[in-house]
file final_25.tsv (TSV, N, CA and C atoms)
chain	number	residue	atom	x	y	z
N	1	MET	N	13.97	5.56	-37.25
N	1	MET	CA	12.57	5.88	-37.11
N	1	MET	C	12.23	5.94	-35.61
N	2	MET	N	11.56	7.00	-35.21
N	2	MET	CA	11.15	7.16	-33.82
N	2	MET	C	10.02	6.18	-33.51
N	3	ARG	N	10.08	5.60	-32.30
N	3	ARG	CA	9.07	4.64	-31.88
N	3	ARG	C	8.61	4.99	-30.48
N	4	VAL	N	7.49	4.40	-30.07
N	4	VAL	CA	6.98	4.60	-28.72
N	4	VAL	C	6.59	3.26	-28.11
N	5	LYS	N	6.65	3.21	-26.80
N	5	LYS	CA	6.22	2.03	-26.04
N	5	LYS	C	5.49	2.55	-24.82
N	6	VAL	N	4.31	2.00	-24.54
N	6	VAL	CA	3.51	2.42	-23.39
N	6	VAL	C	3.56	1.32	-22.34
N	7	PHE	N	3.81	1.74	-21.10
N	7	PHE	CA	3.82	0.83	-19.97
N	7	PHE	C	2.78	1.33	-18.97
N	8	GLN	N	2.04	0.40	-18.35
N	8	GLN	CA	1.06	0.81	-17.34
N	8	GLN	C	1.01	-0.24	-16.24
N	9	GLU	N	1.13	0.23	-15.02
N	9	GLU	CA	1.09	-0.65	-13.86
N	9	GLU	C	0.36	0.05	-12.72
N	10	GLU	N	-0.08	-0.73	-11.75
N	10	GLU	CA	-0.74	-0.18	-10.58
N	10	GLU	C	0.25	0.16	-9.47
N	11	ASP	N	1.48	-0.30	-9.60
N	11	ASP	CA	2.50	-0.09	-8.58
N	11	ASP	C	3.74	0.52	-9.22
N	12	GLU	N	4.31	1.55	-8.59
N	12	GLU	CA	5.47	2.24	-9.17
N	12	GLU	C	6.68	1.32	-9.30
N	13	GLU	N	6.87	0.46	-8.31
N	13	GLU	CA	8.03	-0.44	-8.37
N	13	GLU	C	7.87	-1.47	-9.48
N	14	ASP	N	6.65	-1.96	-9.68
N	14	ASP	CA	6.39	-2.87	-10.79
N	14	ASP	C	6.65	-2.17	-12.12
N	15	LEU	N	6.24	-0.93	-12.21
N	15	LEU	CA	6.46	-0.15	-13.43
N	15	LEU	C	7.95	-0.01	-13.70
N	16	SER	N	8.71	0.33	-12.68
N	16	SER	CA	10.17	0.45	-12.84
N	16	SER	C	10.78	-0.85	-13.31
N	17	GLU	N	10.34	-1.95	-12.73
N	17	GLU	CA	10.88	-3.26	-13.10
N	17	GLU	C	10.58	-3.59	-14.56
N	18	VAL	N	9.36	-3.33	-15.00
N	18	VAL	CA	8.97	-3.62	-16.39
N	18	VAL	C	9.78	-2.76	-17.36
N	19	ILE	N	9.94	-1.49	-17.04
N	19	ILE	CA	10.71	-0.60	-17.91
N	19	ILE	C	12.18	-1.01	-17.94
N	20	ASN	N	12.75	-1.31	-16.79
N	20	ASN	CA	14.16	-1.72	-16.75
N	20	ASN	C	14.38	-3.02	-17.52
N	21	THR	N	13.45	-3.95	-17.42
N	21	THR	CA	13.56	-5.19	-18.18
N	21	THR	C	13.52	-4.91	-19.68
N	22	PHE	N	12.59	-4.06	-20.10
N	22	PHE	CA	12.50	-3.69	-21.52
N	22	PHE	C	13.81	-3.07	-21.99
N	23	LEU	N	14.37	-2.16	-21.20
N	23	LEU	CA	15.62	-1.50	-21.60
N	23	LEU	C	16.79	-2.48	-21.65
N	24	GLN	N	16.83	-3.43	-20.74
N	24	GLN	CA	17.89	-4.45	-20.77
N	24	GLN	C	17.75	-5.34	-22.00
N	25	GLU	N	16.53	-5.69	-22.34
N	25	GLU	CA	16.29	-6.55	-23.50
N	25	GLU	C	16.50	-5.82	-24.82
N	26	HIS	N	16.49	-4.50	-24.80
N	26	HIS	CA	16.66	-3.68	-26.00
N	26	HIS	C	17.79	-2.68	-25.79
N	27	ALA	N	18.94	-3.20	-25.45
N	27	ALA	CA	20.10	-2.36	-25.09
N	27	ALA	C	20.57	-1.48	-26.25
N	28	ASP	N	20.17	-1.81	-27.47
N	28	ASP	CA	20.61	-1.05	-28.64
N	28	ASP	C	19.77	0.19	-28.92
N	29	ILE	N	18.69	0.40	-28.18
N	29	ILE	CA	17.85	1.57	-28.45
N	29	ILE	C	18.42	2.82	-27.77
N	30	ARG	N	18.00	3.97	-28.27
N	30	ARG	CA	18.37	5.25	-27.67
N	30	ARG	C	17.09	5.93	-27.18
N	31	VAL	N	16.99	6.14	-25.88
N	31	VAL	CA	15.81	6.78	-25.30
N	31	VAL	C	15.86	8.27	-25.60
N	32	CYS	N	14.79	8.79	-26.18
N	32	CYS	CA	14.69	10.22	-26.50
N	32	CYS	C	13.95	10.99	-25.42
N	33	ASP	N	12.89	10.38	-24.89
N	33	ASP	CA	12.08	11.07	-23.89
N	33	ASP	C	11.24	10.05	-23.14
N	34	ILE	N	10.84	10.44	-21.93
N	34	ILE	CA	9.94	9.62	-21.12
N	34	ILE	C	8.87	10.55	-20.55
N	35	LYS	N	7.62	10.16	-20.71
N	35	LYS	CA	6.49	10.91	-20.17
N	35	LYS	C	5.80	10.04	-19.12
N	36	LEU	N	5.51	10.62	-17.97
N	36	LEU	CA	4.86	9.89	-16.88
N	36	LEU	C	3.51	10.51	-16.59
N	37	SER	N	2.52	9.65	-16.39
N	37	SER	CA	1.18	10.10	-16.02
N	37	SER	C	0.68	9.23	-14.87
N	38	THR	N	-0.02	9.86	-13.95
N	38	THR	CA	-0.62	9.13	-12.84
N	38	THR	C	-2.12	9.41	-12.85
N	39	ASP	N	-2.90	8.35	-12.80
N	39	ASP	CA	-4.35	8.48	-12.76
N	39	ASP	C	-4.87	7.84	-11.49
N	40	ILE	N	-5.80	8.50	-10.84
N	40	ILE	CA	-6.44	7.96	-9.65
N	40	ILE	C	-7.92	7.80	-9.97
N	41	LEU	N	-8.38	6.56	-9.88
N	41	LEU	CA	-9.77	6.24	-10.18
N	41	LEU	C	-10.44	5.81	-8.88
N	42	GLU	N	-11.54	6.44	-8.56
N	42	GLU	CA	-12.24	6.13	-7.32
N	42	GLU	C	-13.68	5.76	-7.60
N	43	ASP	N	-14.16	4.80	-6.84
N	43	ASP	CA	-15.59	4.54	-6.81
N	43	ASP	C	-15.99	4.46	-5.33
N	44	GLU	N	-17.16	3.98	-5.06
N	44	GLU	CA	-17.65	3.96	-3.67
N	44	GLU	C	-16.84	3.03	-2.78
N	45	GLU	N	-16.23	2.02	-3.35
N	45	GLU	CA	-15.54	1.01	-2.54
N	45	GLU	C	-14.02	1.04	-2.65
N	46	ASP	N	-13.48	1.46	-3.77
N	46	ASP	CA	-12.05	1.31	-4.03
N	46	ASP	C	-11.44	2.57	-4.62
N	47	THR	N	-10.13	2.63	-4.48
N	47	THR	CA	-9.33	3.63	-5.17
N	47	THR	C	-8.25	2.89	-5.94
N	48	LEU	N	-8.13	3.19	-7.21
N	48	LEU	CA	-7.14	2.55	-8.06
N	48	LEU	C	-6.20	3.62	-8.60
N	49	THR	N	-4.91	3.40	-8.41
N	49	THR	CA	-3.90	4.32	-8.94
N	49	THR	C	-3.20	3.63	-10.10
N	50	LEU	N	-3.12	4.29	-11.23
N	50	LEU	CA	-2.44	3.76	-12.41
N	50	LEU	C	-1.28	4.67	-12.78
N	51	PHE	N	-0.13	4.06	-12.97
N	51	PHE	CA	1.06	4.78	-13.41
N	51	PHE	C	1.31	4.39	-14.85
N	52	THR	N	1.39	5.38	-15.72
N	52	THR	CA	1.58	5.14	-17.14
N	52	THR	C	2.82	5.88	-17.61
N	53	VAL	N	3.65	5.18	-18.39
N	53	VAL	CA	4.85	5.79	-18.96
N	53	VAL	C	4.80	5.61	-20.47
N	54	LEU	N	5.08	6.70	-21.17
N	54	LEU	CA	5.27	6.67	-22.61
N	54	LEU	C	6.76	6.84	-22.85
N	55	LEU	N	7.38	5.81	-23.39
N	55	LEU	CA	8.81	5.82	-23.67
N	55	LEU	C	8.99	6.08	-25.16
N	56	ILE	N	9.68	7.15	-25.50
N	56	ILE	CA	9.94	7.51	-26.90
N	56	ILE	C	11.40	7.18	-27.18
N	57	TYR	N	11.64	6.40	-28.23
N	57	TYR	CA	13.00	5.94	-28.48
N	57	TYR	C	13.29	5.78	-29.96
N	58	LEU	N	14.57	5.66	-30.24
N	58	LEU	CA	15.04	5.39	-31.61
N	58	LEU	C	15.60	3.99	-31.66
call {"tool": "encode", "arguments": {"input": "final_25.tsv", "output": "structure tokens"}}
result
Amino acid sequence: MMRVKVFQEEDEEDLSEVINTFLQEHADIRVCDIKLSTDILEDEEDTLTLFTVLLIYL
């Protein structure tokens, strides 16, 4: 059965670490696809960048 897992972090390196940890902990899965999205949210005082990955796996 195909499954999905969503990861979201404010830092690309943190995102990579979280994904790599997930893959190490689930070594038996087969990755089918990875989708990456970047969102930039701005207000008068701050800019927030969010990196989101959708991991599709079996």
call {"tool": "residues_around", "arguments": {"input": "final_25.tsv", "residues": "Thr49 (chain N)", "least_positions_apart": "2", "cutoff": "10 Å", "atoms": "only C-alpha atoms", "output": "VMD selection string"}}
result
chain N and resid 9 to 12 38 to 42 46 to 47 51 to 52
call {"tool": "atom_distance", "arguments": {"input": "final_25.tsv", "atom1": "CA of Glu17 (chain N)", "atom2": "CA of Val53 (chain N)"}}
result
12.4 Å
call {"tool": "residues_around", "arguments": {"input": "final_25.tsv", "residues": "region 18-30 of chain N", "least_positions_apart": "2", "cutoff": "9 Å", "atoms": "only C-alpha atoms", "output": "ChimeraX atom specification"}}
result
/N:7,9,13-16,32,53,55-58
call {"tool": "select_by_dssp", "arguments": {"input": "final_25.tsv", "residues": "chain N", "states": "strand (DSSP E or B)", "output": "ChimeraX atom specification"}}
result
/N:3-9,31-42,47-57
call {"tool": "atom_distance", "arguments": {"input": "final_25.tsv", "atom1": "atom C of Gln8 (chain N)", "atom2": "atom N of Leu50 (chain N)"}}
result
7.9 Å
call {"tool": "atom_distance", "arguments": {"input": "final_25.tsv", "atom1": "atom C of Val6 (chain N)", "atom2": "atom N of Leu36 (chain N)"}}
result
10.5 Å
call {"tool": "axis_aligned_box", "arguments": {"input": "final_25.tsv", "around": "region 10-21 of chain N", "padding_each_side": "3 Å", "output": "AutoDock Vina command-line options"}}
result
--center_x 6.8 --center_y -1.5 --center_z -14.0 --size_x 21.1 --size_y 13.4 --size_z 17.4
call {"tool": "select_by_dssp", "arguments": {"input": "final_25.tsv", "residues": "chain N", "states": "alpha helix (DSSP H)", "output": "JSON, numbers by chain"}}
result
{"N": [12, 13, 14, 15, 16, 17, 18, 19, 20, 21, 22, 23, 24, 25]}
